[in-house]
>>> print(open('coords.cif').read())   # mmCIF, C-alpha atoms
data_structure
loop_
_atom_site.label_atom_id
_atom_site.label_comp_id
_atom_site.auth_asym_id
_atom_site.auth_seq_id
_atom_site.Cartn_x
_atom_site.Cartn_y
_atom_site.Cartn_z
CA MET J 1 103.30 125.71 64.95
CA LYS J 2 102.35 124.84 68.52
CA SER J 3 104.92 125.22 71.26
CA VAL J 4 105.71 121.99 73.06
CA PRO J 5 106.12 122.35 76.85
CA GLU J 6 109.38 121.16 78.28
CA PRO J 7 108.98 117.74 79.94
CA LEU J 8 109.40 117.59 83.68
CA SER J 9 112.51 115.45 83.40
CA ALA J 10 114.14 118.07 81.18
CA VAL J 11 114.00 120.83 83.79
CA PRO J 12 117.62 121.97 84.41
CA LEU J 13 117.62 121.13 88.11
CA GLU J 14 121.30 121.78 88.66
CA VAL J 15 121.27 125.52 87.92
CA SER J 16 119.52 126.72 91.07
CA THR J 17 119.75 126.25 94.81
CA THR J 18 116.23 127.51 95.55
CA ARG J 19 113.72 124.71 95.95
CA ILE J 20 110.10 124.66 97.00
CA THR J 21 109.19 122.95 100.26
CA PRO J 22 105.83 121.40 101.10
CA HIS J 23 103.43 122.69 103.73
CA TYR J 24 102.85 119.98 106.32
CA PHE J 25 99.94 119.25 108.65
CA SER J 26 99.51 116.36 111.10
CA THR J 27 96.90 115.51 113.70
CA ARG J 28 99.42 113.70 115.91
CA SER J 29 100.01 116.71 118.15
CA VAL J 30 96.25 117.12 118.69
CA PRO J 31 94.45 115.33 121.57
CA VAL J 32 93.04 112.04 120.33
CA ARG J 33 89.40 113.03 120.81
CA SER J 34 89.95 116.18 118.74
CA GLN J 35 92.00 114.70 115.90
CA PHE J 36 89.13 114.16 113.49
CA GLU J 37 87.78 117.67 114.06
CA ALA J 38 91.25 119.06 113.33
CA TRP J 39 91.35 117.16 110.04
CA ARG J 40 87.80 118.14 109.24
CA THR J 41 88.69 121.80 109.74
CA LEU J 42 91.76 121.46 107.49
CA MET J 43 89.62 120.08 104.65
CA SER J 44 86.66 122.40 105.22
CA PRO J 45 87.55 124.82 102.36
CA VAL J 46 87.04 121.92 99.93
CA ILE J 47 84.66 119.33 101.41
CA ASP J 48 82.22 118.78 104.25
CA LEU J 49 83.72 115.67 105.85
CA ASP J 50 82.29 113.22 108.35
CA LEU J 51 82.84 109.68 109.64
CA ALA J 52 80.28 106.92 109.37
CA GLY J 53 81.31 105.75 112.86
CA ASP J 54 82.74 107.15 116.10
CA ARG J 55 84.68 110.43 115.86
CA ASP J 56 86.31 110.17 119.28
CA GLY J 57 88.55 107.17 118.70
CA GLY J 58 91.42 109.12 117.16
CA PHE J 59 92.22 110.11 113.58
CA ASP J 60 95.96 109.85 112.90
CA ALA J 61 96.41 111.66 109.59
CA GLU J 62 98.88 113.90 107.80
CA GLN J 63 99.02 115.94 104.63
CA ARG J 64 101.80 117.48 102.54
CA VAL J 65 100.88 120.26 100.14
CA TRP J 66 103.16 121.38 97.29
CA ASP J 67 102.24 124.90 96.18
CA VAL J 68 103.43 124.96 92.56
CA GLY J 69 101.78 128.29 91.73
CA GLY J 70 99.49 127.15 88.91
CA PHE J 71 98.26 124.16 90.90
CA ALA J 72 98.66 122.39 94.25
CA LEU J 73 99.65 118.74 94.73
CA THR J 74 98.77 117.04 98.02
CA ARG J 75 99.59 113.68 99.56
CA ALA J 76 97.28 112.62 102.39
CA ARG J 77 97.99 109.68 104.71
CA LEU J 78 94.83 108.53 106.48
CA PRO J 79 94.04 105.98 109.22
CA ALA J 80 93.90 102.32 108.20
CA ASP J 81 91.16 101.60 110.72
CA GLY J 82 88.50 100.49 108.24
CA GLN J 83 86.23 103.43 109.03
CA THR J 84 84.34 104.90 106.12
CA ARG J 85 84.77 108.62 105.52
CA VAL J 86 81.87 110.39 103.83
CA TRP J 87 81.97 113.84 102.27
CA GLN J 88 80.33 116.28 99.92
CA HIS J 89 81.61 119.33 98.12
CA VAL J 90 81.16 122.55 100.03
CA LYS J 91 77.91 124.20 98.96
CA LYS J 92 78.37 127.53 97.16
CA ASN J 93 82.10 126.83 97.06
CA PRO J 94 83.98 129.91 95.76
CA LEU J 95 86.70 127.53 94.52
CA ASP J 96 85.78 126.43 91.01
CA HIS J 97 88.87 124.22 90.77
CA TRP J 98 89.39 120.89 89.10
CA CYS J 99 90.36 118.15 91.49
CA PHE J 100 92.22 115.00 90.31
CA VAL J 101 92.35 112.20 92.89
CA LEU J 102 94.64 109.17 92.53
CA VAL J 103 94.00 106.22 94.87
CA ASN J 104 95.41 102.68 95.18
CA ASP J 105 98.68 103.90 93.70
CA GLY J 106 100.93 101.48 95.55
CA THR J 107 101.99 103.95 98.25
CA ALA J 108 99.67 102.59 100.96
CA PRO J 109 100.60 99.53 103.02
CA SER J 110 98.79 96.43 101.80
CA LEU J 111 96.68 94.47 104.25
CA PRO J 112 97.48 90.77 104.76
CA ASP J 113 95.36 88.40 102.68
CA SER J 114 93.61 91.33 100.99
CA PRO J 115 93.61 91.53 97.19
CA ALA J 116 95.16 94.68 95.76
CA GLU J 117 92.62 97.24 94.64
CA PRO J 118 92.98 98.51 91.07
CA ARG J 119 94.47 101.97 90.71
CA GLN J 120 91.86 104.65 90.04
CA LEU J 121 92.06 108.28 88.95
CA PHE J 122 89.00 110.47 89.46
CA PHE J 123 88.42 114.05 88.43
CA ARG J 124 85.67 116.47 89.33
CA SER J 125 84.91 120.17 89.72
CA LEU J 126 84.84 121.48 93.28
CA GLY J 127 82.18 123.96 92.18
CA ARG J 128 79.64 121.24 91.40
CA PRO J 129 77.70 119.04 93.85
CA PHE J 130 79.34 115.73 94.71
CA ASP J 131 78.95 113.09 97.43
CA GLY J 132 81.57 110.45 98.11
CA ALA J 133 82.72 107.78 100.54
CA ALA J 134 86.01 105.88 100.91
CA LYS J 135 88.40 104.01 103.20
CA ASP J 136 91.60 104.80 101.25
CA THR J 137 94.72 105.28 103.36
CA SER J 138 96.96 107.12 100.87
CA VAL J 139 95.59 109.66 98.41
CA LEU J 140 97.39 111.88 95.90
CA THR J 141 95.36 114.90 94.80
CA LEU J 142 96.03 117.69 92.33
CA TYR J 143 93.99 120.91 92.59
CA ALA J 144 94.02 123.27 89.62
CA PRO J 145 91.90 126.35 88.85
CA ARG J 146 89.57 125.95 85.90
CA GLU J 147 91.28 128.90 84.19
CA LEU J 148 94.51 126.90 83.93
CA PHE J 149 92.99 124.90 81.09
CA GLY J 150 91.12 127.59 79.19
CA GLY J 151 88.68 125.75 76.91
CA ASN J 152 90.71 122.54 76.79
CA LEU J 153 88.52 120.75 79.33
CA GLY J 154 85.24 122.25 78.21
CA GLY J 155 82.28 119.90 78.26
CA ILE J 156 83.57 117.41 80.81
CA ASP J 157 81.50 118.72 83.73
CA HIS J 158 78.79 116.23 82.89
CA ALA J 159 81.09 113.49 81.63
CA ILE J 160 82.16 110.37 83.49
CA ASP J 161 84.49 111.39 86.30
CA THR J 162 87.08 108.60 85.91
CA VAL J 163 90.21 108.49 83.77
CA ALA J 164 90.65 104.92 82.52
CA ASP J 165 93.88 103.33 83.80
CA ARG J 166 94.92 102.14 80.37
CA GLY J 167 96.45 103.65 77.25
CA ILE J 168 97.14 107.37 77.48
CA GLY J 169 94.88 107.60 80.54
CA ALA J 170 97.27 105.39 82.53
CA LEU J 171 100.08 107.82 81.77
CA LEU J 172 98.33 110.57 83.72
CA GLY J 173 98.46 108.56 86.95
CA ASP J 174 102.12 107.75 86.25
CA TYR J 175 102.78 111.44 85.60
CA PHE J 176 101.24 112.53 88.91
CA LEU J 177 103.38 110.00 90.80
CA SER J 178 106.48 111.16 88.92
CA LEU J 179 105.59 114.77 89.70
CA GLU J 180 105.35 113.98 93.43
CA LYS J 181 108.72 112.25 93.33
CA ARG J 182 110.50 115.05 91.46
CA LEU J 183 109.06 118.20 93.04
CA PRO J 184 111.58 118.25 95.92
CA ASP J 185 114.37 118.81 93.36
CA VAL J 186 112.64 121.38 91.14
CA ALA J 187 113.99 124.93 91.25
CA VAL J 188 111.51 127.72 91.92
CA GLU J 189 112.32 129.45 88.63
CA ASP J 190 111.45 126.24 86.75
CA LEU J 191 107.93 125.96 88.17
CA PRO J 192 106.31 127.63 85.11
CA ASN J 193 107.74 124.80 82.98
CA VAL J 194 106.24 122.25 85.38
CA VAL J 195 102.85 123.99 85.33
CA GLU J 196 102.80 124.12 81.52
CA ALA J 197 103.82 120.46 81.15
CA THR J 198 101.18 119.42 83.69
CA ARG J 199 98.45 121.44 82.02
CA ALA J 200 99.26 119.89 78.64
CA MET J 201 99.44 116.38 80.10
CA ILE J 202 96.06 116.64 81.83
CA ALA J 203 94.34 118.05 78.75
CA ALA J 204 95.80 115.33 76.51
CA CYS J 205 94.80 112.47 78.84
CA VAL J 206 91.36 113.66 79.94
CA ARG J 207 90.22 114.96 76.52
CA PRO J 208 92.50 113.21 74.00
CA SER J 209 92.91 114.78 70.56
CA LEU J 210 95.75 114.89 68.07
CA ASP J 211 96.43 118.55 68.88
CA ARG J 212 96.47 118.04 72.65
CA ILE J 213 98.63 114.94 72.41
CA GLU J 214 101.07 116.82 70.16
CA ILE J 215 101.35 119.66 72.67
CA ALA J 216 101.91 117.21 75.53
CA GLN J 217 104.52 115.09 73.72
CA GLY J 218 107.39 116.15 75.99
CA ALA J 219 105.56 115.15 79.17
CA ILE J 220 104.15 111.99 77.58
CA VAL J 221 107.58 110.76 76.45
CA ALA J 222 109.14 111.53 79.84
CA THR J 223 106.37 109.61 81.60
CA LEU J 224 106.63 106.70 79.18
CA MET J 225 110.36 106.52 79.85
CA GLU J 226 109.80 106.38 83.61
CA ARG J 227 107.31 103.55 83.13
CA ALA J 228 109.68 101.77 80.73
CA ARG J 229 112.54 101.92 83.24
CA ALA J 230 110.29 100.46 85.94
CA ILE J 231 109.13 97.63 83.65
CA VAL J 232 112.71 96.80 82.63
CA SER J 233 113.83 96.81 86.27
CA GLN J 234 111.02 94.41 87.22
CA ASN J 235 111.89 91.98 84.39
CA LEU J 236 115.69 91.87 84.44
CA ARG J 237 115.64 88.24 85.61
CA SER J 238 113.22 87.08 82.93
CA VAL J 239 115.25 85.45 80.16
CA THR J 240 112.37 85.92 77.70
CA PHE J 241 112.03 89.64 78.34
CA GLY J 242 113.14 91.89 75.51
CA PRO J 243 112.10 94.83 73.29
CA GLU J 244 108.93 93.12 72.03
CA LYS J 245 107.56 92.46 75.51
CA LEU J 246 108.53 95.95 76.68
CA GLY J 247 106.62 97.49 73.79
CA GLN J 248 103.58 95.35 74.59
CA ALA J 249 103.69 96.36 78.28
CA LEU J 250 103.97 100.06 77.37
CA GLY J 251 101.31 99.84 74.67
CA VAL J 252 103.47 101.59 72.07
CA SER J 253 104.47 100.64 68.55
CA ARG J 254 107.87 99.16 67.76
CA SER J 255 108.92 102.30 65.87
CA ARG J 256 107.98 104.57 68.79
CA LEU J 257 109.76 102.31 71.26
CA TYR J 258 112.95 102.45 69.22
CA ARG J 259 112.72 106.25 68.91
CA MET J 260 112.33 106.53 72.69
CA PHE J 261 115.48 104.50 73.33
CA GLU J 262 117.60 105.91 70.51
CA PRO J 263 119.54 108.20 72.93
CA PHE J 264 120.49 105.06 74.93
CA GLY J 265 121.85 103.19 71.93
CA GLY J 266 118.63 101.29 71.34
CA VAL J 267 116.18 99.38 73.51
CA ALA J 268 118.09 96.08 73.42
CA ARG J 269 121.29 97.87 74.42
CA TYR J 270 119.48 99.59 77.30
CA ILE J 271 118.09 96.29 78.66
CA HIS J 272 121.50 94.63 78.24
CA ARG J 273 123.22 97.40 80.20
CA GLN J 274 120.65 97.31 83.00
CA ARG J 275 121.32 93.60 83.40
CA LEU J 276 125.06 94.28 83.60
CA LEU J 277 124.45 97.01 86.18
CA ALA J 278 122.35 94.58 88.23
CA ALA J 279 125.16 92.02 87.99
CA HIS J 280 127.69 94.62 89.15
CA ALA J 281 125.49 95.53 92.11
CA ALA J 282 125.18 91.84 93.07
CA LEU J 283 128.94 91.31 92.82
CA SER J 284 129.54 94.39 94.98
CA ASP J 285 127.36 93.01 97.78
CA VAL J 286 129.90 91.79 100.33
CA ALA J 287 127.22 89.77 102.12
CA SER J 288 126.53 87.68 99.03
CA HIS J 289 128.55 84.56 98.19
CA THR J 290 126.52 83.56 95.13
CA PRO J 291 128.86 82.21 92.43
CA ILE J 292 129.53 84.61 89.56
CA ILE J 293 128.14 82.24 86.96
CA GLN J 294 124.91 81.86 88.96
CA ILE J 295 124.50 85.64 89.12
CA ALA J 296 125.10 85.83 85.37
CA GLU J 297 122.58 83.09 84.59
CA SER J 298 119.92 84.67 86.83
CA LEU J 299 120.19 87.83 84.71
CA GLY J 300 119.91 86.07 81.36
CA PHE J 301 123.59 85.49 80.55
CA SER J 302 123.86 81.80 79.69
CA ASP J 303 127.50 81.88 78.54
CA ALA J 304 130.12 82.61 81.23
CA SER J 305 132.81 83.82 78.85
CA GLY J 306 130.32 86.03 76.97
CA PHE J 307 129.17 87.55 80.26
CA SER J 308 132.74 88.24 81.34
CA ARG J 309 133.58 89.94 78.04
CA ALA J 310 130.46 92.09 78.12
CA PHE J 311 131.07 93.01 81.77
CA LYS J 312 134.65 94.05 81.14
CA GLN J 313 133.71 96.02 78.05
CA GLU J 314 131.08 97.92 80.03
CA PHE J 315 133.02 98.59 83.24
CA GLY J 316 136.67 98.21 82.33
CA HIS J 317 137.30 95.31 84.73
CA SER J 318 136.23 91.71 85.12
CA PRO J 319 133.44 90.33 87.35
CA SER J 320 135.99 88.71 89.66
CA GLU J 321 137.86 92.03 90.00
CA ALA J 322 134.59 93.76 90.93
CA ARG J 323 133.88 91.18 93.64
CA LEU J 324 137.44 91.36 95.00
CA ALA J 325 137.38 95.17 95.10
CA ALA J 326 134.14 95.13 97.09
CA ALA J 327 135.50 92.49 99.48
CA VAL J 328 138.56 94.58 100.36
CA GLY J 329 136.58 97.83 100.53
CA ALA J 330 138.17 99.42 97.49
CA PRO J 331 135.41 100.09 94.92
CA ILE J 332 136.73 100.68 91.42
CA ALA J 333 136.40 104.30 90.32
CA SER J 334 135.37 103.61 86.73
CA ALA J 335 132.55 101.35 87.88
CA THR J 336 131.30 103.91 90.37
CA ARG J 337 131.30 106.58 87.70
CA ARG J 338 129.35 104.41 85.25
CA LEU J 339 126.86 103.24 87.84
CA ASP J 340 125.92 106.85 88.55
CA ASP J 341 125.04 107.53 84.91
CA GLY J 342 121.72 108.83 83.93
CA ASP J 343 119.18 106.93 85.07
CA GLY J 344 105.08 123.82 108.89
CA SER J 345 101.39 124.08 107.89
CA THR J 346 99.58 126.82 106.03
CA ASP J 347 95.92 127.62 105.54
CA PHE J 348 94.83 125.08 102.94
CA GLY J 349 91.90 127.15 101.72
CA GLU J 350 94.03 130.26 101.28
CA LEU J 351 96.64 128.28 99.37
CA LEU J 352 93.99 126.97 96.95
CA ARG J 353 92.42 130.42 96.53
CA ARG J 354 95.69 131.98 95.43
CA LEU J 355 96.43 129.39 92.74
CA ARG J 356 96.75 131.22 89.46
CA ALA J 357 96.61 130.10 85.88
#
>>> encode(input="coords.cif", output="structure tokens")
Amino acid sequence: MKSVPEPLSAVPLEVSTTRITPHYFSTRSVPVRSQFEAWRTLMSPVIDLDLAGDRDGGFDAEQRVWDVGGFALTRARLPADGQTRVWQHVKKNPLDHWCFVLVNDGTAPSLPDSPAEPRQLFFRSLGRPFDGAAKDTSVLTLYAPRELFGGNLGGIDHAIDTVADRGIGALLGDYFLSLEKRLPDVAVEDLPNVVEATRAMIAACVRPSLDRIEIAQGAIVATLMERARAIVSQNLRSVTFGPEKLGQALGVSRSRLYRMFEPFGGVARYIHRQRLLAAHAALSDVASHTPIIQIAESLGFSDASGFSRAFKQEFGHSPSEARLAAAVGAPIASATRRLDDGDGSTDFGELLRRLRA
């Protein structure tokens, strides 16, 4: 029987005080005319980089690198000046690493009157020739040695280099974003769990098979839950939103959706509670004078007495008591308790060279 890696969200974060910290590089302390050359030097172990236009006009950029041991995760912020950057993989590169690049992930500022670009996830081997060009301003990249995957990614060197942003492929982009968000809280001793979950997730999404998907179930479920929470949060004020629409948005069957939310008392119960939590937050906003019934109706509660009963059952006090407590600066302890429920630079080339499977 195959061992299933522990999902990232299951890592026991509270048992250690030792956390990893990212390596940081910025061109801001470099003279403007030398900024691009500084960035070019930073990236030189991986790519030969150039600009299609003038190099002397400044290149305000920064990069954070998380050294996880089995792989490195980087977030690059690049100038939004419209200049095209062109690059190619370093010839005779000793780094035969896989490189996964996520762009248009919602972390870059959107330009006025410009349509949002679709999210894209590319993968390629640094040991093979490649030429590229882009104007992206925020890029998340994961570098992993080929040995990390054994034979699980065999045969993809000549395959299309894009992971489709739909179905299980979309989960990989979500997973990378979740990984970036959670790494600051991961204990050093838990990094092997993170590496194993990430390896399984990549293999399952890039080369799907029943065996790979089974091995990656922990990471897949954790990522699905993060996406589900985001979808619920975005639709709390839609009176027609419910389990059926959530399942459609996630692309999962009804039975799988119900299994995912079983620990929360069911999917309908979870959505109901999130609406109550949103109502509590609105009532605790001392700057808001919106009538209680209007807040209730905006969150899908059409009956005032039904809303009041559900609110009191959930928090132990009425909506009016919650608003009064906030107004006098005396938040109610039981509500606070419930609201907290479960939901310096380094050498970049050297860091990549020491990644180990």
>>> resolve_selection(input="coords.cif", expression="the PyMOL selection byres ((chain J and resi 92-98) around 10)", output="PyMOL selection string")
chain J and resi 45-47+71+89-91+99-101+123-129+142-149+153+157+349+352-353+355
>>> resolve_selection(input="coords.cif", expression="the PyMOL selection byres ((chain J and resi 174) around 10)", output="list in words")
Leu102, Asp105, Asp165, Gly169, Ala170, Leu171, Leu172, Gly173, Tyr175, Phe176, Leu177, Ser178, Leu179, Ile220, Thr223, Leu224, Glu226 and Arg227 of chain J
>>> write_last_selection(input="coords.cif", atoms="C-alpha atoms", output="PDB file, keeping the file's coordinate frame")
ATOM      1  CA  LEU J 102      94.640 109.170  92.530  1.00  0.00           C
ATOM      2  CA  ASP J 105      98.680 103.900  93.700  1.00  0.00           C
ATOM      3  CA  ASP J 165      93.880 103.330  83.800  1.00  0.00           C
ATOM      4  CA  GLY J 169      94.880 107.600  80.540  1.00  0.00           C
ATOM      5  CA  ALA J 170      97.270 105.390  82.530  1.00  0.00           C
ATOM      6  CA  LEU J 171     100.080 107.820  81.770  1.00  0.00           C
ATOM      7  CA  LEU J 172      98.330 110.570  83.720  1.00  0.00           C
ATOM      8  CA  GLY J 173      98.460 108.560  86.950  1.00  0.00           C
ATOM      9  CA  TYR J 175     102.780 111.440  85.600  1.00  0.00           C
ATOM     10  CA  PHE J 176     101.240 112.530  88.910  1.00  0.00           C
ATOM     11  CA  LEU J 177     103.380 110.000  90.800  1.00  0.00           C
ATOM     12  CA  SER J 178     106.480 111.160  88.920  1.00  0.00           C
ATOM     13  CA  LEU J 179     105.590 114.770  89.700  1.00  0.00           C
ATOM     14  CA  ILE J 220     104.150 111.990  77.580  1.00  0.00           C
ATOM     15  CA  THR J 223     106.370 109.610  81.600  1.00  0.00           C
ATOM     16  CA  LEU J 224     106.630 106.700  79.180  1.00  0.00           C
ATOM     17  CA  GLU J 226     109.800 106.380  83.610  1.00  0.00           C
ATOM     18  CA  ARG J 227     107.310 103.550  83.130  1.00  0.00           C
TER      19      ARG J 227
END
>>> resolve_selection(input="coords.cif", expression="the PyMOL selection byres ((chain J and resi 256) around 12)", output="PDB file with C-alpha atoms, keeping the file's coordinate frame")
ATOM      1  CA  VAL J 221     107.580 110.760  76.450  1.00  0.00           C
ATOM      2  CA  LEU J 224     106.630 106.700  79.180  1.00  0.00           C
ATOM      3  CA  MET J 225     110.360 106.520  79.850  1.00  0.00           C
ATOM      4  CA  PRO J 243     112.100  94.830  73.290  1.00  0.00           C
ATOM      5  CA  GLU J 244     108.930  93.120  72.030  1.00  0.00           C
ATOM      6  CA  LEU J 246     108.530  95.950  76.680  1.00  0.00           C
ATOM      7  CA  GLY J 247     106.620  97.490  73.790  1.00  0.00           C
ATOM      8  CA  GLN J 248     103.580  95.350  74.590  1.00  0.00           C
ATOM      9  CA  LEU J 250     103.970 100.060  77.370  1.00  0.00           C
ATOM     10  CA  GLY J 251     101.310  99.840  74.670  1.00  0.00           C
ATOM     11  CA  VAL J 252     103.470 101.590  72.070  1.00  0.00           C
ATOM     12  CA  SER J 253     104.470 100.640  68.550  1.00  0.00           C
ATOM     13  CA  ARG J 254     107.870  99.160  67.760  1.00  0.00           C
ATOM     14  CA  SER J 255     108.920 102.300  65.870  1.00  0.00           C
ATOM     15  CA  LEU J 257     109.760 102.310  71.260  1.00  0.00           C
ATOM     16  CA  TYR J 258     112.950 102.450  69.220  1.00  0.00           C
ATOM     17  CA  ARG J 259     112.720 106.250  68.910  1.00  0.00           C
ATOM     18  CA  MET J 260     112.330 106.530  72.690  1.00  0.00           C
ATOM     19  CA  PHE J 261     115.480 104.500  73.330  1.00  0.00           C
ATOM     20  CA  GLU J 262     117.600 105.910  70.510  1.00  0.00           C
ATOM     21  CA  GLY J 266     118.630 101.290  71.340  1.00  0.00           C
ATOM     22  CA  VAL J 267     116.180  99.380  73.510  1.00  0.00           C
TER      23      VAL J 267
END
>>> residues_around(input="coords.cif", residues="Trp39 of chain J", least_positions_apart="5", cutoff="10 Å", atoms="only C-alpha atoms", output="PyMOL selection string")
chain J and resi 25-27+30+34+44+49+59-63+78
>>> residues_near_point(input="coords.cif", point="(126.0, 86.6, 92.8)", cutoff="10 Å", atoms="all atoms listed in the file", output="number ranges by chain")
J: 278-298, 319, 323
>>> closest_residue(input="coords.cif", among="J:Val194, J:Ala116, J:Leu299, J:Leu277", to="Phe241 of chain J", atoms="only C-alpha atoms")
J:Leu299
>>> atom_distance(input="coords.cif", atom1="atom CA of Ala249 of chain J", atom2="atom CA of Gly218 of chain J")
20.3 Å
>>> closest_residue(input="coords.cif", among="J:Ala134, J:Ala80, J:Leu183, J:Ala230", to="Val103 of chain J", atoms="all atoms listed in the file")
J:Ala134
>>> residues_around(input="coords.cif", residues="Val188 of chain J", least_positions_apart="2", cutoff="8 Å", atoms="all atoms listed in the file", output="PyMOL selection string")
chain J and resi 18-20+186+190-191
>>> write_last_selection(input="coords.cif", atoms="C-alpha atoms", output="PDB file, in the frame of the given file")
ATOM      1  CA  THR J  18     116.230 127.510  95.550  1.00  0.00           C
ATOM      2  CA  ARG J  19     113.720 124.710  95.950  1.00  0.00           C
ATOM      3  CA  ILE J  20     110.100 124.660  97.000  1.00  0.00           C
ATOM      4  CA  VAL J 186     112.640 121.380  91.140  1.00  0.00           C
ATOM      5  CA  ASP J 190     111.450 126.240  86.750  1.00  0.00           C
ATOM      6  CA  LEU J 191     107.930 125.960  88.170  1.00  0.00           C
TER       7      LEU J 191
END
>>> build_atoms(input="coords.cif", residues="segment 229-251 of chain J", atoms="N, CA and C atoms", output="PDB file, in the coordinates of the input")
ATOM      1  N   ARG J 229     111.446 102.270  82.322  1.00  0.00           N
ATOM      2  CA  ARG J 229     112.540 101.920  83.240  1.00  0.00           C
ATOM      3  C   ARG J 229     112.039 100.999  84.348  1.00  0.00           C
ATOM      4  N   ALA J 230     110.839 101.298  84.874  1.00  0.00           N
ATOM      5  CA  ALA J 230     110.290 100.460  85.940  1.00  0.00           C
ATOM      6  C   ALA J 230     109.997  99.050  85.432  1.00  0.00           C
ATOM      7  N   ILE J 231     109.451  98.942  84.222  1.00  0.00           N
ATOM      8  CA  ILE J 231     109.130  97.630  83.650  1.00  0.00           C
ATOM      9  C   ILE J 231     110.407  96.827  83.410  1.00  0.00           C
ATOM     10  N   VAL J 232     111.443  97.488  82.870  1.00  0.00           N
ATOM     11  CA  VAL J 232     112.710  96.800  82.630  1.00  0.00           C
ATOM     12  C   VAL J 232     113.290  96.307  83.952  1.00  0.00           C
ATOM     13  N   SER J 233     113.274  97.176  84.963  1.00  0.00           N
ATOM     14  CA  SER J 233     113.830  96.810  86.270  1.00  0.00           C
ATOM     15  C   SER J 233     113.111  95.594  86.859  1.00  0.00           C
ATOM     16  N   GLN J 234     111.800  95.514  86.669  1.00  0.00           N
ATOM     17  CA  GLN J 234     111.020  94.410  87.220  1.00  0.00           C
ATOM     18  C   GLN J 234     111.243  93.101  86.469  1.00  0.00           C
ATOM     19  N   ASN J 235     111.775  93.176  85.237  1.00  0.00           N
ATOM     20  CA  ASN J 235     111.890  91.980  84.390  1.00  0.00           C
ATOM     21  C   ASN J 235     113.320  91.600  84.048  1.00  0.00           C
ATOM     22  N   LEU J 236     114.292  92.152  84.761  1.00  0.00           N
ATOM     23  CA  LEU J 236     115.690  91.870  84.440  1.00  0.00           C
ATOM     24  C   LEU J 236     116.012  90.383  84.541  1.00  0.00           C
ATOM     25  N   ARG J 237     115.327  89.659  85.396  1.00  0.00           N
ATOM     26  CA  ARG J 237     115.640  88.240  85.610  1.00  0.00           C
ATOM     27  C   ARG J 237     114.774  87.310  84.758  1.00  0.00           C
ATOM     28  N   SER J 238     114.007  87.901  83.858  1.00  0.00           N
ATOM     29  CA  SER J 238     113.220  87.080  82.930  1.00  0.00           C
ATOM     30  C   SER J 238     114.013  86.919  81.641  1.00  0.00           C
ATOM     31  N   VAL J 239     114.403  85.681  81.331  1.00  0.00           N
ATOM     32  CA  VAL J 239     115.250  85.450  80.160  1.00  0.00           C
ATOM     33  C   VAL J 239     114.497  85.690  78.862  1.00  0.00           C
ATOM     34  N   THR J 240     113.165  85.702  78.917  1.00  0.00           N
ATOM     35  CA  THR J 240     112.370  85.920  77.700  1.00  0.00           C
ATOM     36  C   THR J 240     112.008  87.380  77.491  1.00  0.00           C
ATOM     37  N   PHE J 241     112.389  88.224  78.456  1.00  0.00           N
ATOM     38  CA  PHE J 241     112.030  89.640  78.340  1.00  0.00           C
ATOM     39  C   PHE J 241     112.955  90.349  77.370  1.00  0.00           C
ATOM     40  N   GLY J 242     112.361  91.135  76.483  1.00  0.00           N
ATOM     41  CA  GLY J 242     113.140  91.890  75.510  1.00  0.00           C
ATOM     42  C   GLY J 242     112.329  93.031  74.946  1.00  0.00           C
ATOM     43  N   PRO J 243     112.784  93.665  73.858  1.00  0.00           N
ATOM     44  CA  PRO J 243     112.100  94.830  73.290  1.00  0.00           C
ATOM     45  C   PRO J 243     110.630  94.568  72.958  1.00  0.00           C
ATOM     46  N   GLU J 244     110.315  93.391  72.421  1.00  0.00           N
ATOM     47  CA  GLU J 244     108.930  93.120  72.030  1.00  0.00           C
ATOM     48  C   GLU J 244     108.000  93.145  73.236  1.00  0.00           C
ATOM     49  N   LYS J 245     108.406  92.490  74.324  1.00  0.00           N
ATOM     50  CA  LYS J 245     107.560  92.460  75.510  1.00  0.00           C
ATOM     51  C   LYS J 245     107.483  93.821  76.188  1.00  0.00           C
ATOM     52  N   LEU J 246     108.563  94.597  76.120  1.00  0.00           N
ATOM     53  CA  LEU J 246     108.530  95.950  76.680  1.00  0.00           C
ATOM     54  C   LEU J 246     107.533  96.803  75.912  1.00  0.00           C
ATOM     55  N   GLY J 247     107.562  96.729  74.594  1.00  0.00           N
ATOM     56  CA  GLY J 247     106.620  97.490  73.790  1.00  0.00           C
ATOM     57  C   GLY J 247     105.180  97.116  74.085  1.00  0.00           C
ATOM     58  N   GLN J 248     104.925  95.818  74.278  1.00  0.00           N
ATOM     59  CA  GLN J 248     103.580  95.350  74.590  1.00  0.00           C
ATOM     60  C   GLN J 248     103.130  95.899  75.957  1.00  0.00           C
ATOM     61  N   ALA J 249     104.034  95.871  76.935  1.00  0.00           N
ATOM     62  CA  ALA J 249     103.690  96.360  78.280  1.00  0.00           C
ATOM     63  C   ALA J 249     103.424  97.859  78.273  1.00  0.00           C
ATOM     64  N   LEU J 250     104.154  98.599  77.450  1.00  0.00           N
ATOM     65  CA  LEU J 250     103.970 100.060  77.370  1.00  0.00           C
ATOM     66  C   LEU J 250     102.779 100.428  76.497  1.00  0.00           C
ATOM     67  N   GLY J 251     102.390  99.534  75.588  1.00  0.00           N
ATOM     68  CA  GLY J 251     101.310  99.840  74.670  1.00  0.00           C
ATOM     69  C   GLY J 251     101.718 100.791  73.569  1.00  0.00           C
TER      70      GLY J 251
END
